[in-house]
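Undergrad: Handing you a structure now.
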Amino acid sequence: MKPFSTLRGLAIVSALALPPTAASAEVIDIVATGALQGAMQKLKPAYEKASGNTLRIVWGPSFGPSPESIPSRLKAKAPMDLTIGSVEMIETLSADGYFAVASQRPIAESRIGVGVPAGKPKPDIRTVEAVKQALLKANKIAYSQGASGVFIGGTLLPKLGIADAVKAKTVIAEGKQLVGTLLARGDADLGMQQVSELRVTPGVDYVGPLPEAIQKVSTFSAVLAAQAPHEAAARSFLTFLTSAEARPLLTASGLEPVKPQRK
């Protein structure tokens with residue numbers, strides 16, 4: 001295994017520039033939130049090419065009772081070297097000893113956005129009242145079991161005063177299923193989820209973010225497992241996630257990179 005580093009200038013030769021050998025390569029097991037799924041389409045091959053290591057990723061929401069949720073996977077002792085999820089999830093589960101807490105690094109922030117099936121009219125969501133009316137007019141509303149869904153069901157809809165009015169027409173995207181998938185196949189005509197998830201799902205037209213007055217900005221962090229089988233390799237990927245090279249790849253997926261906090 002070779003740690004991740006970058007080539008800065010012709011005079012600096014990164015260890016990753018050397019061809020990896022089969023003996024040196026590591027398989028890094030990652031349990032991650034779907035909010036990073038779009039970004040990983042670029043991050044994963046970039047890291048694997050540079051390091052020679054392989055990322056083996058399973059996806060799930062940061063919350064919820066689904067067997068695919070991150071808490072459920074950890075309780076079931078799924079293979080894990082590193083987890084990427086909401087800071088609230090990491091804080092909640094830290095007391096259970098799953099993580100090497102000191103290794104935690106913020107990776108990106110994401111706002112909640114609105115999407116509709118591709119080709120369908122886009123509702124006005126420029127104001128709080130417009131969002132309220134769009135939700136009341138929708139035939140079916142979709143949100144997830146993850147961090148965005150916890151906020152939507154527990155805070156947003158009650159704040160708008162429409163929780164009871166829309167309850168019967170709410171569809172929940174369970175487990176690792178994306179809200180965009182429900183929209184694309186016609187199970188809902190309006191969906192709310194992390195912007196980064198809506199923007200990468202085929203068959204969905206992204207409308208825009210919720211207004212700031214009713215917005216929830218989620219921060220996603222990466223943290224090493226308390227007993228990571230491939231700790232050095234996982235740490236190299238953590239370094240890559242917080243590098244300048246990763247930032248444009250995160251941004252392109254609809255995420256907002258954050259500067260890592262040095263500990």
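Residue numbering restarts at 1 for every chain of the structure tokens, chains are lettered A, B, ... in their displayed order, and ligands are numbered from 1 as they appear.
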When DSSP is applied to the backbone of this structure, which of range 124-159 of chain A are assigned helix (DSSP H, G or I)? Write them out as a list in words.

TA: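 Selecting the helix (DSSP H, G or I) positions of range 124-159 of chain A gives Val128, Glu129, Ala130, Val131, Lys132, Gln133, Ala134, Leu135, Leu136, Lys137, Ala147, Ser148, Gly149, Val150, Phe151, Ile152, Gly153, Gly154, Thr155, Leu156, Leu157, Pro158 and Lys159 of chain A.
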
Undergrad: Those residues with C-alpha atoms, as a PDB file, in the first residue's frame please?

TA:
ATOM      1  CA  VAL A 128     -41.510  29.745   1.310  1.00  0.00           C
ATOM      2  CA  GLU A 129     -45.146  30.243   0.340  1.00  0.00           C
ATOM      3  CA  ALA A 130     -44.427  28.986  -3.183  1.00  0.00           C
ATOM      4  CA  VAL A 131     -42.879  25.807  -1.791  1.00  0.00           C
ATOM      5  CA  LYS A 132     -45.891  25.302   0.464  1.00  0.00           C
ATOM      6  CA  GLN A 133     -48.291  25.634  -2.444  1.00  0.00           C
ATOM      7  CA  ALA A 134     -46.202  23.332  -4.647  1.00  0.00           C
ATOM      8  CA  LEU A 135     -46.316  20.644  -1.963  1.00  0.00           C
ATOM      9  CA  LEU A 136     -50.059  21.033  -1.480  1.00  0.00           C
ATOM     10  CA  LYS A 137     -50.700  20.802  -5.240  1.00  0.00           C
ATOM     11  CA  ALA A 147     -30.572  13.295   6.829  1.00  0.00           C
ATOM     12  CA  SER A 148     -32.673  15.346   4.411  1.00  0.00           C
ATOM     13  CA  GLY A 149     -35.769  13.231   5.012  1.00  0.00           C
ATOM     14  CA  VAL A 150     -35.436  13.476   8.789  1.00  0.00           C
ATOM     15  CA  PHE A 151     -35.480  17.257   8.430  1.00  0.00           C
ATOM     16  CA  ILE A 152     -38.317  17.323   5.891  1.00  0.00           C
ATOM     17  CA  GLY A 153     -40.645  15.049   7.837  1.00  0.00           C
ATOM     18  CA  GLY A 154     -39.728  16.222  11.308  1.00  0.00           C
ATOM     19  CA  THR A 155     -39.175  19.950  10.812  1.00  0.00           C
ATOM     20  CA  LEU A 156     -40.044  21.360   7.382  1.00  0.00           C
ATOM     21  CA  LEU A 157     -43.560  20.039   6.871  1.00  0.00           C
ATOM     22  CA  PRO A 158     -44.665  20.887  10.451  1.00  0.00           C
ATOM     23  CA  LYS A 159     -43.087  24.362  10.087  1.00  0.00           C
TER      24      LYS A 159
END

Undergrad: Would you pick out the contacts of range 231-248 of chain A at 10 Å or less, using only C-alpha atoms, so that residues sharing its chain but fewer than 3 positions from it are not included, and give the list as an NGL selection string?

TA: :A and (1-6 or 25-30 or 39 or 42-44 or 46-48 or 51 or 53-55 or 80-84 or 103-108 or 221-228 or 251-253 or 255-261)

Undergrad: Tell me, in Å to one decimal, how far CA of Leu178 in chain A is from CA of Pro67 in chain A.

TA: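 CA of Pro67 in chain A lies 15.2 Å from CA of Leu178 in chain A.
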
Undergrad: Wanna dump the range 52-152 of chain A-range 169-175 of chain A contacts at 10 Å for me, each residue with its shortest atom pair and the distance in Å to one decimal, counting only C-alpha atoms, ordered by chain and number, as a tab-separated table?

TA:
residue	atom	partner	partner_atom	distance
A:Trp59	CA	A:Gly175	CA	8.7
A:Gly60	CA	A:Gly175	CA	5.8
A:Pro61	CA	A:Gly175	CA	6.2
A:Ser62	CA	A:Gly175	CA	9.5
A:Phe63	CA	A:Gly175	CA	9.0
A:Gly64	CA	A:Gly175	CA	7.5
A:Pro65	CA	A:Gly175	CA	8.1
A:Ser66	CA	A:Gly175	CA	5.1
A:Pro67	CA	A:Gly175	CA	7.0
A:Glu68	CA	A:Gly175	CA	5.1
A:Ser69	CA	A:Gly175	CA	5.7
A:Ile70	CA	A:Gly175	CA	9.3
A:Leu135	CA	A:Lys169	CA	9.9
A:Leu136	CA	A:Lys169	CA	9.7
A:Ala138	CA	A:Lys169	CA	8.4
A:Asn139	CA	A:Lys169	CA	6.5
A:Lys140	CA	A:Lys169	CA	4.9
A:Ile141	CA	A:Thr170	CA	4.9
A:Ala142	CA	A:Val171	CA	4.7
A:Tyr143	CA	A:Ile172	CA	5.4
A:Ser144	CA	A:Ala173	CA	4.6
A:Gln145	CA	A:Glu174	CA	6.0
A:Gly146	CA	A:Gly175	CA	8.2
A:Gly149	CA	A:Ile172	CA	8.3

Undergrad: Can you list every residue in range 182-222 of chain A that DSSP puts in strand (DSSP E), as a PyMOL selection string?

TA: chain A and resi 190-194+204-209+218-222

Undergrad: Calculated over only C-alpha atoms, which of the candidates A:Pro209, A:Gly180, A:Gly113, A:Pro123 has the smallest distance to Met192 in chain A?

TA: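 Going through A:Pro209, A:Gly180, A:Gly113, A:Pro123 one by one, the smallest distance to Met192 in chain A is for A:Gly113.
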
Undergrad: Rounded to one decimal place, report the CA of Pro121 in chain A-CA of Ile214 in chain A distance in Å.

TA: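 Distance reported for this atom pair: 22.4 Å.
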
Undergrad: What does the distance between CA of Pro117 in chain A and CA of Gly186 in chain A come to in Å, to one decimal place?

TA: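 Pair CA of Pro117 in chain A / CA of Gly186 in chain A returns 7.0 Å.
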
Undergrad: Let me make sure I understand: among A:Phe220, A:Leu93, A:Asp124, A:Val200, which one has the smallest atom-to-atom distance to Ser72 in chain A if we use only C-alpha atoms?

TA: A:Leu93

Undergrad: Residues near Val204 in chain A, anyone? I mean within 9 Å using only C-alpha atoms, not counting same-chain ones fewer than 4 positions away, as JSON, numbers by chain.

TA: {"A": [115, 116, 117, 118, 119, 180, 181, 183, 184, 198, 199, 200]}
